[in-house]
$ cat coords-v1.cif   # mmCIF, C-alpha atoms
data_upload
#
loop_
_atom_site.label_atom_id
_atom_site.label_comp_id
_atom_site.auth_asym_id
_atom_site.auth_seq_id
_atom_site.Cartn_x
_atom_site.Cartn_y
_atom_site.Cartn_z
CA MET C 22 30.89 2.59 -1.98
CA SER C 23 30.63 -0.39 0.31
CA PRO C 24 30.05 -3.84 -1.21
CA LYS C 25 27.40 -4.21 1.50
CA MET C 26 25.26 -1.55 -0.27
CA HIS C 27 22.09 -2.88 -1.92
CA THR C 28 18.87 -1.57 -3.42
CA PRO C 29 15.57 -2.10 -1.61
CA ARG C 30 14.54 -4.67 -4.24
CA GLN C 31 17.79 -6.63 -3.71
CA LEU C 32 17.23 -6.49 0.04
CA ALA C 33 13.69 -7.82 -0.33
CA ALA C 34 15.19 -10.84 -2.14
CA VAL C 35 17.74 -11.26 0.68
CA ARG C 36 14.92 -11.19 3.23
CA ASP C 37 12.96 -13.78 1.25
CA ALA C 38 16.01 -16.07 1.10
CA PHE C 39 16.51 -15.65 4.83
CA ALA C 40 12.86 -16.48 5.54
CA ALA C 41 13.06 -19.58 3.34
CA ALA C 42 16.11 -20.72 5.33
CA GLY C 43 14.46 -20.01 8.69
CA LYS C 44 16.76 -17.03 9.35
CA ARG C 45 15.95 -13.55 10.60
CA LEU C 46 16.95 -10.26 8.98
CA VAL C 47 17.26 -7.42 11.51
CA PHE C 48 16.56 -3.93 10.19
CA THR C 49 17.52 -0.60 11.74
CA ASN C 50 17.89 2.92 10.46
CA GLY C 51 19.42 6.22 11.42
CA CYS C 52 21.66 9.13 10.53
CA PHE C 53 24.90 7.80 12.07
CA ASP C 54 26.51 11.17 11.40
CA LEU C 55 29.52 10.89 13.70
CA LEU C 56 29.98 7.23 14.50
CA HIS C 57 30.64 6.75 18.22
CA VAL C 58 30.71 3.99 20.83
CA GLY C 59 26.96 4.32 21.45
CA HIS C 60 26.30 3.56 17.79
CA VAL C 61 28.72 0.62 17.75
CA ARG C 62 27.24 -0.99 20.87
CA TYR C 63 23.72 -0.43 19.56
CA LEU C 64 24.53 -1.97 16.16
CA GLN C 65 26.22 -4.97 17.80
CA ALA C 66 23.16 -5.52 20.01
CA ALA C 67 20.86 -5.19 16.99
CA ARG C 68 22.92 -7.72 15.03
CA ALA C 69 22.63 -10.19 17.93
CA LEU C 70 18.83 -10.23 17.46
CA GLY C 71 19.03 -12.21 14.23
CA ASP C 72 21.19 -13.69 11.51
CA ALA C 73 22.12 -10.50 9.64
CA LEU C 74 21.82 -6.75 10.16
CA LEU C 75 20.59 -4.29 7.54
CA VAL C 76 21.25 -0.62 8.27
CA ALA C 77 19.22 1.95 6.33
CA VAL C 78 21.14 5.24 6.38
CA ASN C 79 19.29 8.54 6.16
CA GLY C 80 20.29 10.45 3.03
CA ASP C 81 21.70 13.94 3.44
CA GLU C 82 18.41 15.77 2.78
CA SER C 83 16.51 13.70 5.33
CA VAL C 84 19.25 14.33 7.93
CA ARG C 85 18.89 18.09 7.33
CA ALA C 86 15.12 17.80 7.72
CA LEU C 87 15.48 15.86 10.99
CA LYS C 88 18.56 17.49 12.56
CA GLY C 89 18.72 20.99 11.09
CA PRO C 90 20.65 22.87 8.39
CA ALA C 91 24.12 22.29 9.93
CA ARG C 92 23.80 18.53 9.57
CA PRO C 93 24.93 16.11 8.37
CA ILE C 94 28.59 16.63 9.10
CA ASN C 95 29.54 13.65 6.91
CA SER C 96 27.98 12.84 3.54
CA GLU C 97 25.60 9.91 3.11
CA GLU C 98 28.25 8.03 1.11
CA ASP C 99 30.89 8.54 3.81
CA ARG C 100 28.50 7.54 6.61
CA ALA C 101 27.51 4.39 4.72
CA GLU C 102 31.14 3.48 4.01
CA VAL C 103 32.11 3.81 7.67
CA LEU C 104 29.12 1.68 8.74
CA GLY C 105 30.02 -0.87 6.09
CA ALA C 106 33.45 -1.30 7.69
CA LEU C 107 31.81 -2.65 10.86
CA ALA C 108 31.71 -6.44 11.13
CA CYS C 109 28.25 -6.35 12.70
CA VAL C 110 26.71 -4.63 9.64
CA ASP C 111 25.85 -7.09 6.88
CA TYR C 112 23.78 -4.95 4.49
CA LEU C 113 23.34 -1.24 3.81
CA THR C 114 20.96 0.98 1.90
CA ILE C 115 20.48 4.75 1.77
CA PHE C 116 17.00 6.23 1.88
CA HIS C 117 16.00 9.80 1.11
CA THR C 118 12.76 10.24 3.02
CA GLU C 119 12.34 11.28 6.66
CA ARG C 120 10.64 7.97 7.47
CA VAL C 121 11.46 4.37 6.52
CA THR C 122 7.81 3.41 6.05
CA GLU C 123 8.07 2.55 2.34
CA LEU C 124 11.38 0.74 2.82
CA VAL C 125 9.79 -1.44 5.52
CA ARG C 126 6.92 -2.28 3.17
CA VAL C 127 9.34 -3.31 0.40
CA ILE C 128 11.91 -5.24 2.48
CA ARG C 129 9.56 -6.73 5.12
CA PRO C 130 12.21 -7.39 7.80
CA GLN C 131 11.52 -9.98 10.47
CA VAL C 132 12.97 -7.78 13.25
CA TYR C 133 13.12 -3.98 13.60
CA ALA C 134 15.53 -2.50 16.14
CA LYS C 135 15.43 1.07 17.44
CA GLY C 136 17.39 2.88 20.12
CA GLY C 137 16.09 3.47 23.63
CA ASP C 138 15.33 7.12 22.94
CA TYR C 139 12.17 5.64 21.38
CA SER C 140 9.40 3.40 22.66
CA VAL C 141 7.05 1.30 20.56
CA GLU C 142 4.39 3.93 21.29
CA SER C 143 6.58 6.87 20.25
CA LEU C 144 7.60 5.39 16.89
CA ASP C 145 6.13 7.27 13.95
CA ALA C 146 2.60 5.93 13.47
CA GLY C 147 3.15 5.24 9.77
CA GLU C 148 6.37 3.36 10.42
CA ARG C 149 4.82 1.38 13.27
CA GLY C 150 1.82 0.54 11.08
CA ALA C 151 4.09 -0.68 8.27
CA LEU C 152 6.13 -2.78 10.72
CA GLU C 153 2.99 -4.34 12.15
CA ALA C 154 1.59 -4.96 8.65
CA VAL C 155 4.69 -6.94 7.60
CA GLY C 156 4.80 -8.83 10.91
CA ALA C 157 8.11 -7.39 12.11
CA GLU C 158 9.07 -7.90 15.73
CA ILE C 159 9.85 -4.44 17.17
CA ARG C 160 12.76 -4.36 19.63
CA ILE C 161 13.81 -1.25 21.56
CA LEU C 162 17.47 -1.42 22.62
CA PRO C 163 19.00 0.55 25.49
CA LEU C 164 21.04 3.66 24.80
CA VAL C 165 24.59 4.06 26.03
CA PRO C 166 24.23 6.90 28.57
CA GLY C 167 25.93 10.15 27.60
CA LYS C 168 26.89 8.96 24.12
CA SER C 169 25.22 10.83 21.27
CA THR C 170 26.28 12.76 18.21
CA THR C 171 24.57 15.88 19.59
CA SER C 172 26.52 15.63 22.88
CA ILE C 173 29.79 15.18 20.96
CA ILE C 174 29.07 18.28 18.86
CA GLU C 175 28.16 20.29 21.98
CA LYS C 176 31.34 19.18 23.76
CA TRP C 177 33.42 20.16 20.73
CA ARG C 178 31.79 23.61 20.56
CA HIS C 179 32.68 24.36 24.17
#

$ encode --input "coords-v1.cif" --output "structure tokens"
Amino acid sequence: MSPKMHTPRQLAAVRDAFAAAGKRLVFTNGCFDLLHVGHVRYLQAARALGDALLVAVNGDESVRALKGPARPINSEEDRAEVLGALACVDYLTIFHTERVTELVRVIRPQVYAKGGDYSVESLDAGERGALEAVGAEIRILPLVPGKSTTSIIEKWRH
């Protein structure tokens, strides 16, 4: 497992240390099932929003719930290890729920980044409420056109 992997409680302490030093922890989450250039560009852009980037990786059961029974292709441990190899990713955690609401409440990130397939309005209401309650700045980052795990899988099938 990646040395960048931490528990939510450890990450809350990291966030507190960052806040005390006037630094910003950027938080994002996702499945990251087949890492592709869209993911890499997104993660680099998210990292540029603050002083460190925390990626919360959906556990296998939550990926199945969100993406269907054929997913994930790669295990949660493998997906986290690959993400941990990226220079732009500073911290990792794996979560096992469909939503990151509780994780947001525990860690209290200063910045929350999400891909352009979302808008602030289309974020899950519980997640958005938790983000607003902890004072996180919500940033929607543009997608890389034509780059998605689903499109890669479809291309491979045909």

$ resolve_selection --input "coords-v1.cif" --expression "the PyMOL selection byres ((chain C and resi 47-55) around 8)" --output "tab-separated table (two decimals) with C-alpha atoms, in the frame of the given file"
chain	number	residue	atom	x	y	z
C	45	ARG	CA	15.95	-13.55	10.60
C	46	LEU	CA	16.95	-10.26	8.98
C	56	LEU	CA	29.98	7.23	14.50
C	57	HIS	CA	30.64	6.75	18.22
C	60	HIS	CA	26.30	3.56	17.79
C	67	ALA	CA	20.86	-5.19	16.99
C	68	ARG	CA	22.92	-7.72	15.03
C	70	LEU	CA	18.83	-10.23	17.46
C	71	GLY	CA	19.03	-12.21	14.23
C	72	ASP	CA	21.19	-13.69	11.51
C	73	ALA	CA	22.12	-10.50	9.64
C	74	LEU	CA	21.82	-6.75	10.16
C	75	LEU	CA	20.59	-4.29	7.54
C	76	VAL	CA	21.25	-0.62	8.27
C	77	ALA	CA	19.22	1.95	6.33
C	78	VAL	CA	21.14	5.24	6.38
C	79	ASN	CA	19.29	8.54	6.16
C	80	GLY	CA	20.29	10.45	3.03
C	84	VAL	CA	19.25	14.33	7.93
C	93	PRO	CA	24.93	16.11	8.37
C	94	ILE	CA	28.59	16.63	9.10
C	95	ASN	CA	29.54	13.65	6.91
C	100	ARG	CA	28.50	7.54	6.61
C	121	VAL	CA	11.46	4.37	6.52
C	130	PRO	CA	12.21	-7.39	7.80
C	131	GLN	CA	11.52	-9.98	10.47
C	132	VAL	CA	12.97	-7.78	13.25
C	133	TYR	CA	13.12	-3.98	13.60
C	134	ALA	CA	15.53	-2.50	16.14
C	135	LYS	CA	15.43	1.07	17.44
C	170	THR	CA	26.28	12.76	18.21

$ residues_around --input "coords-v1.cif" --residues "range 145-155 of chain C" --least-positions-apart "4" --cutoff "10 Å" --atoms "all atoms listed in the file" --output "list of chain:residue names"
C:Arg120, C:Val121, C:Thr122, C:Glu123, C:Leu124, C:Val125, C:Arg126, C:Val127, C:Ile128, C:Arg129, C:Pro130, C:Gln131, C:Val132, C:Tyr133, C:Tyr139, C:Val141, C:Ile159

$ closest_residue --input "coords-v1.cif" --among "C:Gly137, C:Ile161, C:Thr114, C:Tyr63" --to "Pro24 in chain C" --atoms "only C-alpha atoms"
C:Thr114

$ closest_residue --input "coords-v1.cif" --among "C:Ala91, C:Ala69, C:Ala86, C:Leu32" --to "Cys109 in chain C" --atoms "only C-alpha atoms"
C:Ala69

$ atom_distance --input "coords-v1.cif" --atom1 "CA of Ala33 in chain C" --atom2 "CA of Ser96 in chain C"
25.4 Å

$ closest_residue --input "coords-v1.cif" --among "C:Ile115, C:Leu104, C:Val58, C:Leu164" --to "Asp81 in chain C" --atoms "all atoms listed in the file"
C:Ile115

$ closest_residue --input "coords-v1.cif" --among "C:Gly59, C:Gly105, C:Phe116, C:Gln65" --to "Ser83 in chain C" --atoms "all atoms listed in the file"
C:Phe116

$ atom_distance --input "coords-v1.cif" --atom1 "CA of Val110 in chain C" --atom2 "CA of Ala38 in chain C"
17.8 Å

$ atom_distance --input "coords-v1.cif" --atom1 "CA of Pro163 in chain C" --atom2 "CA of Leu144 in chain C"
15.1 Å
